[in-house]
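Here's the structure, in structure tokens; my notes come after.
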Amino acid sequence: MAKYIFVTGGVVSSLGKGITAASIGRLLIARGLNIRMLKMDPYLNVDPGTMSPFQHGEVYVTDDGAETDLDLGHYERFTGQPTSRKSNFTAGKIYWEVLRKERKGDYLGHTIQMIPHITDEIKMKVHELDEANVDVIIAEIGGTVGDIESHTFLEAIRQIGHEVGRDNVMYIHMTYVPFIKAAGEVKTKPSQQSVAILREIGIMPDVLICRSEVALSDEVRRKLSLFCNVPLHAVIEERDVQHSIYEVPTDLSEQGLDELIMVHFRMARPPAKLGPWRKMIDAVINPKGSVRIGVTGKYSELQDAYKSLYEAIHHGGIAHQIKVDIVKISAEEVESGKSLDALQHVDGILVPGGFGTRGIEGKISAVRYARENNIPFFGICLGLQMAVIEFARHVVGLEGAHSTEIDPNSPFPVVALMAEQEKVVDMGATMRLGAWPCRIGKATKAFTAYGVENISERHRHRYEVNNKYRQQLGEKGLIFSGVSPDGKLVEMIELENHPWFVGCQFHPELKSQPLAPHPLFRDFIGAAWKRKQAAIAAAT
């Protein structure tokens with residue numbers, strides 16, 4: 001039977017529970033354990049697929065096509081293990097399943113209640129991860145202790161502790177310890193009250209992880225230990241790291257968190273093998289140079305909207321031991337002419353995915369600038385589509401070329417709705433989702449990056465390059481370097497006579513990891529670095 005670690009949060013949201021849970025996963029893998037990661041979200045959406053990036057950040061997509069919480073991206077990047085549909089569920093999904101069973105008569109006429117029916121459904125989904133050879137399941141509960149919607153999830157994990165035995169369950173509570181400038185003091189009261197709520201439910205934390213802007217004194221640690229009923233050595237400090245979030249696992253390990261977990265579960269305690277991880281961090285801390293990458297997107301003001309993308313860009317830098325400075329360029333401002341100057345001061349331009357009309361012409365302008373000025377360019381999903389539209393307009397001469405998503409009446413719809421999407425009514429979980437195969441042509445930059453002809457990448461879109469225009473586009477120099485195995489769908493494009501101009505219909509950022517940078521991001525950053533070096537050499 002697998003052991004269970006439940007990670008809860010208190011006082012305020014956005015403490016970084018996802019990064020902390022992922023860091024714990026990395027430490028246990030370094031100890032030789034097989035783990036599974038799980039995120040439980042208390043909101044009523046069935047999944048995050050229809051949620052606005054302004055409220056939720058990015059939607060992370062798994063190989064099996066689940067639209068999930070962005071924390072699953074942290075899980076995969078830190079642990080190197082793929083997640084799946086089993087790795088994320090919401091309160092909405094739980095209620096949906098329970099009510100569906102009730103309508104079918106599965107409960108044999110019983111009155112359906114929060115306890116036991118909702119909590120039983122939650123427990124069942126948690127236990128689904130207890131597969132053969134799994135040593136530890138790390139489950140993060142979204143939201144904050146005290147939220148009404150979180151109560152059934154907390155009750156469910158309390159019951160699991162009761163049912164499988166406390167020796168097989170560890171409760172880790174993450175809290176915020178504020179520093180009050182006016183008083184010049186760190187305050188423990190919010191943490192005490194947060195733990196008090198857990199204790200009222202029947203959950204006694206085994207570990208307290210404290211987020212704080214300042215170092216915690218021994219006196220503060222003793223106070224937290226006493227009033228939160230947690231052993232002193234289990235009061236762990238987690239301050240903001242200096243260089244990279246990937247420093248969190250080593251910081252926690254240096255405070256003995258992984259050792260504490262192994263002792264709690266009475267497991268063998270081999271030394272943690274963190275050598276490759278520390279080497280990766282060293283590449284981040286001691287770069288040999290830097291490049292500037294301009295990301296021209298719709299949500300440039302939102303860090304979480306492009307979370308996996310920004311991380312993948314940094315991974316590309318790690319591959320070359322280069323620091324990457326990301327310049328967030330609003331597509332709307334490019335469209336209005338305000339941010340055109342910003343494009344002149346970057347070493348590479350990336351246009352990311354997205355939906356809707358806002359900033360579209362700005363993205364097309366960014367593509368054109370990269371193409372005409374030989375700046376390394378990377379277009380992802382919508383970014384590929386914008387590259388095709390720009391090429392159709394300004395190289396092929398198809399004035400008014402567009403996507404039917406943006407302009408249904410375009411005279412040249414070079415990007416159009418996929419055939420299987422034409423009758424779709426519901427918006428949730430109906431796009432082309434998950435991993436799909438792609439065949440790469442030889443003698444292309446795509447093949448140089450991957451080194452193989454057949455790949456698999458994750459998708460999330462409804463529109464594709466219109467096959468009716470492929471011949472016209474190809475005759476003018478647009479290379480379709482990657483296609484579906486049957487040749488019917490364009491998956492990748494490139495340009496002739498350009499240092500590095502690549503677009504892909506899939507989302508390669510979803511599979512990039514710090515220990516295994518995605519080959520497209522690696523080569524994109526490499527091309528940007530080469531361009532910068534050439535510019536420096538020309539100036540001297």
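Following the order of the structure tokens, chains are lettered A, B, ..., residues in each are numbered from 1, and ligands are numbered from 1.
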What lies within 7 Å of range 359-361 of chain A using only C-alpha atoms, ignoring chain neighbours under 3 positions off, as an MDAnalysis selection string?
chainID A and resid 298 331:332 335 364:365
With only C-alpha atoms as the counted atoms, please give the residues lying no more than 9 Å from Ile380 in chain A, apart from itself and same-chain residues fewer than 5 positions off, as a list in words.
Leu350, Val351, Pro352, Gly353, Gln385, Val502, Gly503, Cys504, Gln505, Phe506, His507 and Pro508 of chain A
What lies within 12 Å of Gly474 in chain A using only C-alpha atoms, ignoring chain neighbours under 6 positions off, as a PyMOL selection string?
chain A and resi 388+391-392+395-396+467-468+480-481+490+493-496
What is the CA of Leu44 in chain A-CA of Gly142 in chain A distance in Å, reported with one decimal?
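Interatomic distance, CA of Leu44 in chain A to CA of Gly142 in chain A: 12.3 Å.
For the atom pair formed by CA of Ile406 in chain A and CA of Arg460 in chain A, the distance is 17.4 Å, given to one decimal.
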Shortest interatomic distance to Ser512 in chain A - which of A:Asn88, A:Ser212, A:Thr79, A:Thr444, counting only C-alpha atoms:
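With only C-alpha atoms as the atom set, the closest residue is A:Thr79.
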Using only C-alpha atoms, find the one residue out of A:Pro499, A:Lys363, A:Ile141, A:His518 that sits nearest to Ser336 in chain A.
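Ranking A:Pro499, A:Lys363, A:Ile141, A:His518 by distance to Ser336 in chain A, first place goes to A:Lys363.
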Could you check the closest approach to Lys476 in chain A for each of A:Val220, A:Met170, A:Glu491, A:His394 and tell me which residue wins, using only C-alpha atoms?
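Closest candidate: A:His394.
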Selection: 10 Å around Glu213 in chain A, only C-alpha atoms, excl. self and same-chain fewer than 4 positions, as a ChimeraX atom specification:
/A:176-179,186,238-240
With a distance cut-off of 12 Å and only C-alpha atoms, select the neighbouring residues of Lys223 in chain A, excluding the residue or stretch itself and same-chain residues fewer than 2 positions from it, and output the selection as a count of residues only.
22
Would you list the contacts of range 524-540 of chain A as a VMD selection string, taking every protein, DNA or RNA residue within 9 Å and counting only C-alpha atoms, but skipping same-chain residues closer than 3 positions in sequence?
chain A and resid 289 to 293 313 to 314 316 to 317 319 to 320 322 324 346 to 349 375 to 378 499 to 502 519 to 521
Restricted to N, CA, C and O atoms, what would the selected residues look like written as a CSV table (one decimal), in the first residue's frame?
```csv
chain,number,residue,atom,x,y,z
A,289,GLY,N,26.4,34.0,-20.2
A,289,GLY,CA,26.0,35.1,-21.0
A,289,GLY,C,24.4,35.2,-20.8
A,289,GLY,O,23.8,34.5,-20.0
A,290,SER,N,23.8,36.1,-21.6
A,290,SER,CA,22.4,36.3,-21.6
A,290,SER,C,21.8,36.7,-22.9
A,290,SER,O,22.6,37.2,-23.8
A,291,VAL,N,20.6,36.4,-23.1
A,291,VAL,CA,19.8,36.8,-24.3
A,291,VAL,C,18.5,37.4,-23.9
A,291,VAL,O,18.0,37.1,-22.8
A,292,ARG,N,17.9,38.2,-24.7
A,292,ARG,CA,16.6,38.8,-24.5
A,292,ARG,C,15.6,38.2,-25.5
A,292,ARG,O,15.8,38.3,-26.7
A,293,ILE,N,14.5,37.6,-24.9
A,293,ILE,CA,13.5,37.0,-25.7
A,293,ILE,C,12.2,37.8,-25.5
A,293,ILE,O,11.7,38.0,-24.4
A,313,ILE,N,11.2,28.5,-21.7
A,313,ILE,CA,12.2,29.5,-22.3
A,313,ILE,C,13.4,29.4,-21.4
A,313,ILE,O,14.6,29.4,-21.9
A,314,HIS,N,13.2,29.5,-20.1
A,314,HIS,CA,14.4,29.4,-19.2
A,314,HIS,C,15.1,28.0,-19.3
A,314,HIS,O,16.3,28.0,-19.2
A,316,GLY,N,15.4,26.4,-22.0
A,316,GLY,CA,16.3,26.5,-23.2
A,316,GLY,C,17.6,27.2,-22.9
A,316,GLY,O,18.6,26.9,-23.4
A,317,GLY,N,17.5,28.2,-22.0
A,317,GLY,CA,18.7,28.9,-21.5
A,317,GLY,C,19.6,28.0,-20.7
A,317,GLY,O,20.8,28.0,-20.9
A,319,ALA,N,20.0,24.9,-21.1
A,319,ALA,CA,20.7,23.9,-22.0
A,319,ALA,C,22.0,24.5,-22.5
A,319,ALA,O,22.9,23.8,-22.9
A,320,HIS,N,22.1,25.9,-22.6
A,320,HIS,CA,23.3,26.5,-23.1
A,320,HIS,C,24.0,27.3,-22.0
A,320,HIS,O,25.0,28.0,-22.2
A,322,ILE,N,22.9,29.8,-20.3
A,322,ILE,CA,22.6,31.2,-20.7
A,322,ILE,C,21.4,31.7,-19.8
A,322,ILE,O,20.4,31.0,-19.7
A,324,VAL,N,18.2,33.9,-19.6
A,324,VAL,CA,17.3,34.4,-20.5
A,324,VAL,C,16.4,35.5,-19.8
A,324,VAL,O,15.8,35.3,-18.8
A,346,VAL,N,15.5,42.9,-28.9
A,346,VAL,CA,15.5,41.5,-28.4
A,346,VAL,C,16.3,40.6,-29.4
A,346,VAL,O,16.5,41.0,-30.5
A,347,ASP,N,16.7,39.5,-28.9
A,347,ASP,CA,17.5,38.5,-29.7
A,347,ASP,C,16.7,37.4,-30.3
A,347,ASP,O,17.1,36.7,-31.1
A,348,GLY,N,15.4,37.3,-29.9
A,348,GLY,CA,14.5,36.4,-30.4
A,348,GLY,C,13.1,36.8,-30.1
A,348,GLY,O,12.8,37.5,-29.1
A,349,ILE,N,12.1,36.4,-31.0
A,349,ILE,CA,10.7,36.8,-30.8
A,349,ILE,C,9.9,35.5,-30.7
A,349,ILE,O,10.0,34.6,-31.6
A,375,ILE,N,15.3,37.8,-37.4
A,375,ILE,CA,15.4,37.5,-35.9
A,375,ILE,C,14.8,36.2,-35.7
A,375,ILE,O,13.8,35.8,-36.2
A,376,PRO,N,15.5,35.3,-34.9
A,376,PRO,CA,15.0,34.0,-34.6
A,376,PRO,C,13.5,34.1,-34.1
A,376,PRO,O,13.2,34.9,-33.2
A,377,PHE,N,12.6,33.3,-34.6
A,377,PHE,CA,11.2,33.4,-34.3
A,377,PHE,C,10.7,32.0,-34.0
A,377,PHE,O,11.0,31.0,-34.6
A,378,PHE,N,9.8,32.0,-33.0
A,378,PHE,CA,9.1,30.7,-32.6
A,378,PHE,C,7.7,31.0,-32.4
A,378,PHE,O,7.3,31.9,-31.5
A,499,PRO,N,17.5,32.5,-40.4
A,499,PRO,CA,18.3,31.8,-39.4
A,499,PRO,C,17.6,30.8,-38.6
A,499,PRO,O,18.1,29.7,-38.3
A,500,TRP,N,16.4,31.1,-38.1
A,500,TRP,CA,15.6,30.2,-37.3
A,500,TRP,C,14.2,30.7,-37.2
A,500,TRP,O,13.9,31.6,-36.4
A,501,PHE,N,13.3,30.2,-38.1
A,501,PHE,CA,11.9,30.6,-38.1
A,501,PHE,C,11.1,29.3,-38.1
A,501,PHE,O,10.9,28.6,-39.1
A,502,VAL,N,10.5,29.0,-36.9
A,502,VAL,CA,9.8,27.7,-36.7
A,502,VAL,C,8.4,28.0,-36.0
A,502,VAL,O,8.4,28.8,-35.1
A,519,PRO,N,13.7,20.3,-27.0
A,519,PRO,CA,14.6,20.5,-28.1
A,519,PRO,C,14.3,21.8,-28.9
A,519,PRO,O,15.2,22.5,-29.4
A,520,LEU,N,13.0,22.1,-29.1
A,520,LEU,CA,12.7,23.3,-29.9
A,520,LEU,C,13.0,24.6,-29.1
A,520,LEU,O,13.6,25.6,-29.7
A,521,PHE,N,12.8,24.6,-27.8
A,521,PHE,CA,13.2,25.8,-27.0
A,521,PHE,C,14.7,25.8,-26.9
A,521,PHE,O,15.3,26.9,-26.9
```
With only C-alpha atoms as the atoms that count, which of A:Ala66, A:Arg368, A:Trp436, A:Val214 lies nearest to Lys181 in chain A?
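Smallest distance to Lys181 in chain A is found for A:Val214.
Distances to Gln472 in chain A were evaluated for A:Met267, A:Leu154, A:Leu398, A:Ala446 using only C-alpha atoms, and the minimum falls at A:Leu398.
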Show me, as number ranges by chain, the residues that have an atom within 9 Å of Leu257 in chain A when counting only C-alpha atoms, minus same-chain residues fewer than 3 positions from it.
A: 24, 27, 207, 234, 236, 252-254, 260-262
Only N, CA, C and O atoms, please: the residues just picked out, written as a PDB file, in the first residue's frame.
```pdb
ATOM      1  N   ILE A  24       8.800  18.379  -2.920  1.00  0.00           N
ATOM      2  CA  ILE A  24       8.780  17.161  -2.099  1.00  0.00           C
ATOM      3  C   ILE A  24       8.872  15.935  -3.002  1.00  0.00           C
ATOM      4  O   ILE A  24       9.598  14.978  -2.713  1.00  0.00           O
ATOM      5  N   LEU A  27      12.425  15.441  -4.106  1.00  0.00           N
ATOM      6  CA  LEU A  27      13.275  14.916  -3.033  1.00  0.00           C
ATOM      7  C   LEU A  27      13.048  13.421  -2.823  1.00  0.00           C
ATOM      8  O   LEU A  27      14.003  12.666  -2.607  1.00  0.00           O
ATOM      9  N   VAL A 207       3.965  18.399   9.832  1.00  0.00           N
ATOM     10  CA  VAL A 207       5.009  19.340   9.409  1.00  0.00           C
ATOM     11  C   VAL A 207       4.356  20.689   9.148  1.00  0.00           C
ATOM     12  O   VAL A 207       3.254  20.764   8.599  1.00  0.00           O
ATOM     13  N   ALA A 234      10.212  19.939  12.919  1.00  0.00           N
ATOM     14  CA  ALA A 234       9.277  19.854  11.793  1.00  0.00           C
ATOM     15  C   ALA A 234       8.708  21.221  11.418  1.00  0.00           C
ATOM     16  O   ALA A 234       7.798  21.312  10.598  1.00  0.00           O
ATOM     17  N   ILE A 236       9.512  24.091   9.306  1.00  0.00           N
ATOM     18  CA  ILE A 236      10.405  24.313   8.170  1.00  0.00           C
ATOM     19  C   ILE A 236      10.191  25.717   7.610  1.00  0.00           C
ATOM     20  O   ILE A 236       9.055  26.152   7.398  1.00  0.00           O
ATOM     21  N   LEU A 252      14.782  22.872   0.973  1.00  0.00           N
ATOM     22  CA  LEU A 252      13.997  22.032   1.888  1.00  0.00           C
ATOM     23  C   LEU A 252      14.812  20.837   2.371  1.00  0.00           C
ATOM     24  O   LEU A 252      14.713  20.435   3.534  1.00  0.00           O
ATOM     25  N   SER A 253      15.625  20.279   1.476  1.00  0.00           N
ATOM     26  CA  SER A 253      16.449  19.132   1.852  1.00  0.00           C
ATOM     27  C   SER A 253      17.481  19.518   2.911  1.00  0.00           C
ATOM     28  O   SER A 253      17.752  18.747   3.847  1.00  0.00           O
ATOM     29  N   GLU A 254      18.047  20.712   2.766  1.00  0.00           N
ATOM     30  CA  GLU A 254      19.049  21.173   3.732  1.00  0.00           C
ATOM     31  C   GLU A 254      18.448  21.366   5.129  1.00  0.00           C
ATOM     32  O   GLU A 254      19.175  21.323   6.126  1.00  0.00           O
ATOM     33  N   LEU A 260      12.889  13.783   7.344  1.00  0.00           N
ATOM     34  CA  LEU A 260      11.746  13.748   8.264  1.00  0.00           C
ATOM     35  C   LEU A 260      10.634  12.868   7.704  1.00  0.00           C
ATOM     36  O   LEU A 260      10.005  12.082   8.429  1.00  0.00           O
ATOM     37  N   ILE A 261      10.401  12.969   6.391  1.00  0.00           N
ATOM     38  CA  ILE A 261       9.360  12.166   5.744  1.00  0.00           C
ATOM     39  C   ILE A 261       9.718  10.683   5.796  1.00  0.00           C
ATOM     40  O   ILE A 261       8.874   9.828   6.123  1.00  0.00           O
ATOM     41  N   MET A 262      10.960  10.360   5.489  1.00  0.00           N
ATOM     42  CA  MET A 262      11.388   8.960   5.472  1.00  0.00           C
ATOM     43  C   MET A 262      11.281   8.341   6.869  1.00  0.00           C
ATOM     44  O   MET A 262      10.854   7.183   7.025  1.00  0.00           O
TER      45      MET A 262
END
```
How would you write, as a VMD selection string, the set of residues in range 233-438 of chain A that DSSP gives as strand (DSSP E or B)?
chain A and resid 235 to 238 290 to 297 323 to 330 348 to 351 377 to 380 401 to 403 412 to 417 432 to 438
